[in-house]
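Notes follow the structure.
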Amino acid sequence: MRIFGGLIGMALACAASLTACAPHAPSSEKDALPHFVTQNGRHAFIVDGQPFLMLGAQANNSSNYPSALPKVWPAVEALHANTLEIPVAWEQIEPSEGQFDFSYVDTLVAQAREHNVRLVLLWFGAYKNTGPNYAPGWVKVNNQRFPRMMDASGGIVYALSPHIQATLDADSRAFAALMRHVRSIDGALHTVIMVQVENETGVYGPVRDFSPAAQALFDAQAPAALLAALHKPPGTWTQVFGRDADEFFAAWHMARYVEQVAQAGHREYALPMYANAALRDPVNYQDPHSFASGGPTWDVIEIWKAAAPTLSVLAPDVYERAYPVASAHFARYTRADNPLMIVEIGNDPAYARYMFAVFGAGGVGFAPFGMDYTGYSNYPLGASAEGEARIAPFAQLFEVMAPVARDWARIAYEHPTWGVAKPDDNADQEIALGDSRWKATVEYDEWAFGFARWNMAHDEPPPNLAKRSGGAMIAQLAPDEYLLIAQNARVSFALKDAGGANGVIFDRVEEGRFERGQWVMDRVWNGDQTDYGLNFSDQPRVLRVKLATY
């Protein structure tokens with residue numbers, strides 16, 4: 001079985017120490033702002049000068065008003081999230097052209113500080129789920145000034161065209177005004193740590209805009225900057241890209257639109273910015289008419305990177321419960337030039353297990369959608385449960401991660417890490433732990449004690465067997481030492497090559513926590529707790545494991 005995750009890179013100079021070197025103090029305004037760093041193929045999101053692991057809660061789309069916030073904060077607290085992702089709609093900050101109202105933003109930032117929660121603002125401008133519904137009325141009903149796309153037969157399409165300067169100028173001015181205001185109220189405190197530019201761009205139905213202006217661009221030579229980035233020879237879109245010409249054209253021009261909006265905001269306040277993607281099939285070819293063509297789907301990441309360099313991250317919105325599909329999505333967006341950040345994932349309990357796979361692969365953020373008490377459910381896409389029942393599966397994991405979030409973020413930036421989530425078929429997962437002499441096996445169909453094959457329970461199945469819950473994340477701290485966080489799984493270790501060793505033992509297994517970056521042992525696991533591997537129940541645990549041979 002192919003295991004998602006794998007070696008993130010070689011340890012840094014201080015990799016042998018769990019209390020590895022802390023980042024230097026900020027030396028400039030750029031360093032002081034939240035930002036992303038990359039080294040040896042690993043990424044970190046730096047907030048307040050230190051790596052930050054985003055335990056996110058994305059509110060429902062219409063929770064972006066002061067009257068709704070009292071139903072948001074209790075859910076964020078129950079989830080143990082450290083970050084709230086929440087929309088700021090163009091229609092609410094510029095209801096009349098040129099007249100801005102930031103009262104909601106002021107309230108949101110002030111209340112976030114009161115609740116000790118960071119913010120990621122989601123700019124719902126000209127595009128939200130590809131449509132203009134969150135644009136103000138003076139934009140979305142004025143098709144003369146702000147034209148929509150056209151399909152191949154000349155029909156008007158629902159989505160605004162990215163080729164219209166008036167739309168770009170108006171969207172950019174509003175976003176720049178938002179960023180200027182955020183800097184004025186938050187530039188010194190960094191309550192707001194990141195901003196999403198637009199939302200799930202692209203178009204459903206036609207692959208691209210077929211308006212006369214768009215067609216003229218399509219018939220012309222493909223942009224030299226794109227061809228240079230992709231190492232392609234000169235030619236028209238069709239000559240260079242063949243079957244993919246329509247989709248790649250749409251991706252380039254949508255990315256250029258988002259880039260120019262992002263630039264306008266970035267000039268006012270240089271917070272990190274990202275774009276999110278409504279996804280296409282991560283494994284098989286999918287007709288571009290059947291997904292949001294033009295958005296940052298996996299097959300056009302290189303195009304988006306070339307067209308929109310202001311964006312720090314291209315992030316997938318994951319709404320596939322099935323393990324093979326979700327894992328493939330994660331893998332597509334795990335790149336040396338792109339931090340893995342799951343800024344939106346379904347809120348069904350089956351999605352919670354993927355936290356292990358994401359953070360184990362060096363991911364810097366994980367945020368389930370719909371985390372508030374406003375009474376909305378996007379079932380069957382998400383969970384049918386509401387309130388505490390929806391939040392509980394994620395809260396179990398965030399509760400154990402919250403105290404160690406900064407520590408895991410630092411360790412994952414400086415050390416190799418791996419992660420797996422429970423597969424749908426309950427199959428065992430073997431992880432080759434990089435260049436070390438060790439491998440790990442994660443099992444989901446064993447009891448907490450002994451082996452299922454002993455049949456001591458008289459054919460009663462293990463309690464977790466039917467649940468899509470569980471996983472493990474592992475960080476290598478030293479050649480024979482690992483940090484392990486897991487739930488509903490048994491984790492055991494073995495030598496890749498036994499060689500002359502008689503056997504493998506746990507030198508020491510400590511359950512504990514971090515205090516100011518230092519590991520503090522609460523108790524030692526031994527005897528029943530280690531004789532049959534390390535068994536994790538529904539309550540996740542944090543262990544420091546030292547292995548040895550005899």
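Letters A, B, ... mark the chains of the structure tokens in the order given; residue numbers begin at 1 per chain; ligand numbers begin at 1, in order shown.
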
Assign secondary structure with DSSP using the backbone only, and return the residues of region 269-484 of chain A in strand (DSSP E or B) as a PyMOL selection string.
chain A and resi 273-278+293+313-318+335+338+341-345+365-369+417-421+429-432+438-443+471-478+481-484

Near-region 249-261 of chain A list (9 Å; only C-alpha atoms; drop same-chain fewer than 5 positions) as a PyMOL selection string
chain A and resi 161-163+168-169+171-173+175-176+197-198+201-203+207-209+217-218+222+226+237+244+266+275+293-297+300+303-311

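When the distance limit is 7 Å and only C-alpha atoms are what count, the residues near Val442 (chain A), minus those fewer than 3 positions from it on the same chain, are Asp428, Gln429, Glu430, Ala489, Arg490, Val491 and Ser492 of chain A.
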
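Here CA of Tyr319 (chain A) is placed at a distance of 19.4 Å from CA of Pro339 (chain A).
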
List every residue of region 258-430 of chain A that DSSP, applied to the backbone, labels as alpha helix (DSSP H), and write the result as a PyMOL selection string.
chain A and resi 258-268+301-307+323-332+354-360+388-401+405-414

Taking 3 positions as the minimum chain separation for residues in the same chain, which residues sit within 10 Å of Val195 (chain A) when counting only C-alpha atoms? Answer as a count of residues only.
22

At a cut-off of 8 Å, using only C-alpha atoms, what residues contact Arg437 (chain A)? Leave out same-chain residues fewer than 3 positions from it and give the result as a PDB file with C-alpha atoms, in the first residue's frame.
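Generated output (part.pdb):
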```
ATOM      1  CA  LEU A 433      10.666   6.047   8.575  1.00  0.00           C
ATOM      2  CA  LEU A 495      13.800  -2.768  12.146  1.00  0.00           C
ATOM      3  CA  LYS A 496      13.797  -2.489   8.368  1.00  0.00           C
ATOM      4  CA  ASP A 497      16.634  -4.995   8.383  1.00  0.00           C
TER       5      ASP A 497
END
```

Between A:Ala326, A:Leu79, A:Ala395, A:Leu543, smallest distance to Val524 (chain A) by only C-alpha atoms belongs to A:Leu543

For CA of Glu443 (chain A) and CA of Ile505 (chain A), determine how far apart the two atoms are, in Å to one decimal place.
18.6 Å

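Residue nearest Val109 (chain A) within the list A:Ala336, A:Pro66, A:Ala357, A:Pro147: A:Pro66 [criterion: smallest interatomic distance, only C-alpha atoms].
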
Long-range neighbours of Met473 (chain A) as a PyMOL selection string, 12 Å cut-off, only C-alpha atoms, 2 positions minimum in chain:
chain A and resi 4-6+353-363+397+401+408+412+416-422+431+433+440-442+470-471+475-476+482-487+489+491+540-544

Please provide the set of residues having any atom within 12 Å of Phe100 (chain A), restricted to only C-alpha atoms, with same-chain residues fewer than 6 positions apart removed, written as a PyMOL selection string.
chain A and resi 89-94+136+173-178+180-181

Based on the selection just made, write N, CA, C and O atoms of those residues as an mmCIF file, in the first residue's frame.
```
data_model
loop_
_atom_site.group_PDB
_atom_site.id
_atom_site.type_symbol
_atom_site.label_atom_id
_atom_site.label_comp_id
_atom_site.auth_asym_id
_atom_site.auth_seq_id
_atom_site.Cartn_x
_atom_site.Cartn_y
_atom_site.Cartn_z
ATOM 1 N N ALA A 89 -17.456 39.939 3.004
ATOM 2 C CA ALA A 89 -18.091 40.033 1.696
ATOM 3 C C ALA A 89 -17.957 41.442 1.135
ATOM 4 O O ALA A 89 -18.118 42.438 1.853
ATOM 5 N N TRP A 90 -17.694 41.506 -0.159
ATOM 6 C CA TRP A 90 -17.613 42.793 -0.851
ATOM 7 C C TRP A 90 -18.902 43.581 -0.638
ATOM 8 O O TRP A 90 -18.871 44.795 -0.377
ATOM 9 N N GLU A 91 -20.048 42.910 -0.695
ATOM 10 C CA GLU A 91 -21.333 43.605 -0.590
ATOM 11 C C GLU A 91 -21.525 44.268 0.770
ATOM 12 O O GLU A 91 -22.266 45.252 0.882
ATOM 13 N N GLN A 92 -20.865 43.764 1.827
ATOM 14 C CA GLN A 92 -21.095 44.338 3.146
ATOM 15 C C GLN A 92 -20.130 45.474 3.465
ATOM 16 O O GLN A 92 -20.443 46.313 4.305
ATOM 17 N N ILE A 93 -18.963 45.513 2.801
ATOM 18 C CA ILE A 93 -18.041 46.616 3.108
ATOM 19 C C ILE A 93 -18.153 47.757 2.102
ATOM 20 O O ILE A 93 -17.712 48.875 2.390
ATOM 21 N N GLU A 94 -18.751 47.521 0.919
ATOM 22 C CA GLU A 94 -18.953 48.586 -0.062
ATOM 23 C C GLU A 94 -20.359 48.466 -0.659
ATOM 24 O O GLU A 94 -20.528 48.216 -1.862
ATOM 25 N N PRO A 136 -21.459 43.391 -4.469
ATOM 26 C CA PRO A 136 -22.582 44.298 -4.199
ATOM 27 C C PRO A 136 -23.534 44.377 -5.383
ATOM 28 O O PRO A 136 -23.173 44.085 -6.523
ATOM 29 N N ARG A 173 -9.964 47.738 -5.880
ATOM 30 C CA ARG A 173 -10.092 48.899 -4.993
ATOM 31 C C ARG A 173 -10.717 48.515 -3.660
ATOM 32 O O ARG A 173 -10.285 48.962 -2.595
ATOM 33 N N ALA A 174 -11.742 47.667 -3.724
ATOM 34 C CA ALA A 174 -12.403 47.258 -2.482
ATOM 35 C C ALA A 174 -11.467 46.419 -1.621
ATOM 36 O O ALA A 174 -11.401 46.605 -0.394
ATOM 37 N N PHE A 175 -10.759 45.490 -2.251
ATOM 38 C CA PHE A 175 -9.843 44.645 -1.477
ATOM 39 C C PHE A 175 -8.701 45.468 -0.895
ATOM 40 O O PHE A 175 -8.293 45.249 0.254
ATOM 41 N N ALA A 176 -8.187 46.413 -1.665
ATOM 42 C CA ALA A 176 -7.133 47.284 -1.151
ATOM 43 C C ALA A 176 -7.636 48.094 0.036
ATOM 44 O O ALA A 176 -6.918 48.281 1.036
ATOM 45 N N ALA A 177 -8.870 48.581 -0.046
ATOM 46 C CA ALA A 177 -9.437 49.336 1.074
ATOM 47 C C ALA A 177 -9.557 48.462 2.314
ATOM 48 O O ALA A 177 -9.282 48.910 3.442
ATOM 49 N N LEU A 178 -9.968 47.203 2.122
ATOM 50 C CA LEU A 178 -10.047 46.278 3.256
ATOM 51 C C LEU A 178 -8.689 46.077 3.889
ATOM 52 O O LEU A 178 -8.541 46.169 5.121
ATOM 53 N N ARG A 180 -6.046 47.941 3.737
ATOM 54 C CA ARG A 180 -5.577 49.191 4.351
ATOM 55 C C ARG A 180 -6.223 49.380 5.714
ATOM 56 O O ARG A 180 -5.555 49.791 6.684
ATOM 57 N N HIS A 181 -7.501 49.064 5.816
ATOM 58 C CA HIS A 181 -8.194 49.207 7.098
ATOM 59 C C HIS A 181 -7.684 48.178 8.110
ATOM 60 O O HIS A 181 -7.481 48.516 9.286
#
```

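We find CA of Val343 (chain A) and CA of Asp101 (chain A) to be spaced 26.9 Å apart.
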